[in-house]
Amino acid sequence: MSETRVRRDGDVLKIDGRLDRAAVAATWRALQTQRTGASRVDVTGVESVDSAGVALLADLAASGLAVHGEPAGLADLRAAYRLDGSLGFSG
């Protein structure tokens, strides 16, 4: 399992590694320290995501950050939780 890392590139927060239950708490803390002024979260470097990771991404999207990327598992979890492409509830 690779270590999850958050880094800032201009107004983009980039997440690399796995976005799973084991990584979400530390990832959340890292995102909060770098979040001011960010407009987008780039998850193209995320290898896989589980339900805890989707919850984190949906919360970020709900707070106004655009989420860019489609890590392994995201499409299936989006469908299971009835989330649209921007990770909002599709009804």
# chains A, B, ... in the order shown; residues from 1 in each chain; ligands from 1

call {"tool": "residues_around", "arguments": {"residues": "A:Asp84", "least_positions_apart": "4", "cutoff": "12 Å", "atoms": "only C-alpha atoms", "output": "short mmCIF file (atom, residue, chain, number, x, y, z; two decimals) with N, CA and C atoms, in the first residue's frame"}}
result
data_model
loop_
_atom_site.label_atom_id
_atom_site.label_comp_id
_atom_site.auth_asym_id
_atom_site.auth_seq_id
_atom_site.Cartn_x
_atom_site.Cartn_y
_atom_site.Cartn_z
N VAL A 54 -14.74 8.22 -0.72
CA VAL A 54 -15.84 8.88 -1.43
C VAL A 54 -16.52 9.88 -0.51
N ALA A 58 -16.89 13.72 -1.43
CA ALA A 58 -18.22 14.32 -1.50
C ALA A 58 -18.31 15.53 -0.58
N ALA A 61 -16.46 18.35 -2.26
CA ALA A 61 -17.27 18.87 -3.36
C ALA A 61 -18.42 19.72 -2.83
N ALA A 62 -19.05 19.28 -1.75
CA ALA A 62 -20.16 20.04 -1.16
C ALA A 62 -19.71 21.38 -0.63
N VAL A 67 -13.82 18.42 -7.90
CA VAL A 67 -12.99 17.21 -7.81
C VAL A 67 -12.70 16.74 -9.22
N LEU A 74 -14.14 4.63 -7.93
CA LEU A 74 -14.99 5.81 -7.73
C LEU A 74 -16.30 5.70 -8.50
N ALA A 75 -16.28 5.27 -9.73
CA ALA A 75 -17.51 5.20 -10.53
C ALA A 75 -18.52 4.25 -9.89
N ASP A 76 -18.07 3.09 -9.45
CA ASP A 76 -18.97 2.12 -8.81
C ASP A 76 -19.56 2.66 -7.51
N LEU A 77 -18.73 3.31 -6.71
CA LEU A 77 -19.22 3.86 -5.45
C LEU A 77 -20.15 5.04 -5.68
N ARG A 78 -19.84 5.86 -6.69
CA ARG A 78 -20.75 6.96 -7.03
C ARG A 78 -22.13 6.42 -7.38
N ALA A 79 -22.16 5.37 -8.18
CA ALA A 79 -23.44 4.76 -8.57
C ALA A 79 -24.15 4.17 -7.36
N ALA A 80 -23.42 3.48 -6.49
CA ALA A 80 -24.02 2.84 -5.32
C ALA A 80 -24.64 3.86 -4.37
N GLY A 88 -22.39 15.16 -5.97
CA GLY A 88 -23.60 15.59 -5.27
C GLY A 88 -24.66 14.52 -5.44
N PHE A 89 -25.66 14.52 -4.59
CA PHE A 89 -26.72 13.51 -4.70
C PHE A 89 -27.53 13.73 -5.96
N SER A 90 -27.74 12.65 -6.70
CA SER A 90 -28.48 12.76 -7.96
C SER A 90 -29.96 12.46 -7.77
N GLY A 91 -30.34 12.08 -6.58
CA GLY A 91 -31.76 11.89 -6.28
C GLY A 91 -32.31 10.55 -6.47
#

call {"tool": "select_by_dssp", "arguments": {"residues": "chain A", "states": "helix (DSSP H, G or I)", "output": "PDB file with C-alpha atoms, in the first residue's frame"}}
result
ATOM      1  CA  ARG A  21     -10.430   4.257   5.476  1.00  0.00           C
ATOM      2  CA  ALA A  22      -6.876   3.931   6.727  1.00  0.00           C
ATOM      3  CA  ALA A  23      -5.795   7.161   5.031  1.00  0.00           C
ATOM      4  CA  VAL A  24      -8.853   9.418   5.289  1.00  0.00           C
ATOM      5  CA  ALA A  25      -8.255  10.955   8.751  1.00  0.00           C
ATOM      6  CA  ALA A  26      -4.670  11.985   7.999  1.00  0.00           C
ATOM      7  CA  THR A  27      -5.642  13.110   4.496  1.00  0.00           C
ATOM      8  CA  TRP A  28      -8.458  15.252   5.895  1.00  0.00           C
ATOM      9  CA  ARG A  29      -6.070  16.953   8.325  1.00  0.00           C
ATOM     10  CA  ALA A  30      -3.557  17.607   5.526  1.00  0.00           C
ATOM     11  CA  LEU A  31      -6.266  19.035   3.287  1.00  0.00           C
ATOM     12  CA  GLN A  32      -7.478  21.391   6.014  1.00  0.00           C
ATOM     13  CA  THR A  33      -4.022  22.898   6.534  1.00  0.00           C
ATOM     14  CA  GLN A  34      -3.653  23.638   2.796  1.00  0.00           C
ATOM     15  CA  SER A  51     -16.468   4.416   0.699  1.00  0.00           C
ATOM     16  CA  ALA A  52     -14.573   6.479   3.286  1.00  0.00           C
ATOM     17  CA  GLY A  53     -12.640   8.164   0.495  1.00  0.00           C
ATOM     18  CA  VAL A  54     -15.835   8.882  -1.432  1.00  0.00           C
ATOM     19  CA  ALA A  55     -17.328  10.454   1.697  1.00  0.00           C
ATOM     20  CA  LEU A  56     -14.294  12.724   2.001  1.00  0.00           C
ATOM     21  CA  LEU A  57     -14.472  13.697  -1.687  1.00  0.00           C
ATOM     22  CA  ALA A  58     -18.219  14.323  -1.505  1.00  0.00           C
ATOM     23  CA  ASP A  59     -17.697  16.586   1.501  1.00  0.00           C
ATOM     24  CA  LEU A  60     -14.999  18.534  -0.330  1.00  0.00           C
ATOM     25  CA  ALA A  61     -17.272  18.869  -3.365  1.00  0.00           C
ATOM     26  CA  ALA A  62     -20.159  20.035  -1.163  1.00  0.00           C
ATOM     27  CA  LEU A  74     -14.986   5.807  -7.735  1.00  0.00           C
ATOM     28  CA  ALA A  75     -17.512   5.199 -10.528  1.00  0.00           C
ATOM     29  CA  ASP A  76     -18.975   2.120  -8.815  1.00  0.00           C
ATOM     30  CA  LEU A  77     -19.220   3.856  -5.451  1.00  0.00           C
ATOM     31  CA  ARG A  78     -20.748   6.965  -7.027  1.00  0.00           C
ATOM     32  CA  ALA A  79     -23.438   4.759  -8.570  1.00  0.00           C
ATOM     33  CA  ALA A  80     -24.024   2.836  -5.324  1.00  0.00           C
TER      34      ALA A  80
END

call {"tool": "select_by_dssp", "arguments": {"residues": "stretch 46-85 of chain A", "states": "strand (DSSP E or B)", "output": "PyMOL selection string"}}
result
chain A and resi 46-49+66-68+72+83

call {"tool": "write_last_selection", "arguments": {"atoms": "C-alpha atoms", "output": "CSV table (one decimal), in the first residue's frame"}}
result
chain,number,residue,atom,x,y,z
A,46,VAL,CA,-5.1,8.3,-6.4
A,47,GLU,CA,-4.7,4.6,-7.0
A,48,SER,CA,-8.0,3.5,-5.5
A,49,VAL,CA,-10.8,4.8,-3.4
A,66,ALA,CA,-14.3,20.8,-7.8
A,67,VAL,CA,-13.0,17.2,-7.8
A,68,HIS,CA,-11.0,16.2,-10.9
A,72,ALA,CA,-10.3,3.0,-9.4
A,83,LEU,CA,-23.9,10.6,-6.5

call {"tool": "residues_around", "arguments": {"residues": "A:Asp50", "least_positions_apart": "5", "cutoff": "7 Å", "atoms": "only C-alpha atoms", "output": "number ranges by chain"}}
result
A: 19-20, 73

call {"tool": "write_last_selection", "arguments": {"atoms": "C-alpha atoms", "output": "PDB file, in the first residue's frame"}}
result
ATOM      1  CA  LEU A  19      -7.875   7.167  -0.479  1.00  0.00           C
ATOM      2  CA  ASP A  20      -9.273   4.573   1.884  1.00  0.00           C
ATOM      3  CA  GLY A  73     -13.559   2.286  -7.574  1.00  0.00           C
TER       4      GLY A  73
END

call {"tool": "atom_distance", "arguments": {"atom1": "atom CA of A:Arg35", "atom2": "atom CA of A:Asp11"}}
result
8.7 Å

call {"tool": "atom_distance", "arguments": {"atom1": "atom CA of A:Val12", "atom2": "atom CA of A:Arg40"}}
result
4.9 Å

call {"tool": "atom_distance", "arguments": {"atom1": "atom CA of A:Arg82", "atom2": "atom CA of A:Val41"}}
result
20.7 Å

call {"tool": "closest_residue", "arguments": {"among": "A:Asp42, A:Tyr81, A:Gly69, A:Thr36", "to": "A:Leu13", "atoms": "only C-alpha atoms"}}
result
A:Asp42

call {"tool": "closest_residue", "arguments": {"among": "A:Ile15, A:Leu87, A:Leu65, A:Val6", "to": "A:Ser39", "atoms": "only C-alpha atoms"}}
result
A:Leu65

call {"tool": "decode", "arguments": {"residues": "stretch 26-62 of chain A", "atoms": "C-alpha atoms", "output": "CSV table (one decimal), in the first residue's frame"}}
result
chain,number,residue,atom,x,y,z
A,26,ALA,CA,-4.7,12.0,8.0
A,27,THR,CA,-5.6,13.1,4.5
A,28,TRP,CA,-8.5,15.3,5.9
A,29,ARG,CA,-6.1,17.0,8.3
A,30,ALA,CA,-3.6,17.6,5.5
A,31,LEU,CA,-6.3,19.0,3.3
A,32,GLN,CA,-7.5,21.4,6.0
A,33,THR,CA,-4.0,22.9,6.5
A,34,GLN,CA,-3.7,23.6,2.8
A,35,ARG,CA,-7.2,24.4,1.8
A,36,THR,CA,-7.5,28.2,2.0
A,37,GLY,CA,-7.7,29.6,-1.5
A,38,ALA,CA,-8.0,26.2,-3.2
A,39,SER,CA,-10.6,25.7,-5.9
A,40,ARG,CA,-10.0,22.2,-7.0
A,41,VAL,CA,-8.9,18.8,-5.8
A,42,ASP,CA,-7.0,16.6,-8.2
A,43,VAL,CA,-7.3,12.9,-7.5
A,44,THR,CA,-5.7,11.7,-10.8
A,45,GLY,CA,-2.8,10.4,-8.6
A,46,VAL,CA,-5.1,8.3,-6.4
A,47,GLU,CA,-4.7,4.6,-7.0
A,48,SER,CA,-8.0,3.5,-5.5
A,49,VAL,CA,-10.8,4.8,-3.4
A,50,ASP,CA,-13.3,3.2,-0.9
A,51,SER,CA,-16.5,4.4,0.7
A,52,ALA,CA,-14.6,6.5,3.3
A,53,GLY,CA,-12.6,8.2,0.5
A,54,VAL,CA,-15.8,8.9,-1.4
A,55,ALA,CA,-17.3,10.5,1.7
A,56,LEU,CA,-14.3,12.7,2.0
A,57,LEU,CA,-14.5,13.7,-1.7
A,58,ALA,CA,-18.2,14.3,-1.5
A,59,ASP,CA,-17.7,16.6,1.5
A,60,LEU,CA,-15.0,18.5,-0.3
A,61,ALA,CA,-17.3,18.9,-3.4
A,62,ALA,CA,-20.2,20.0,-1.2
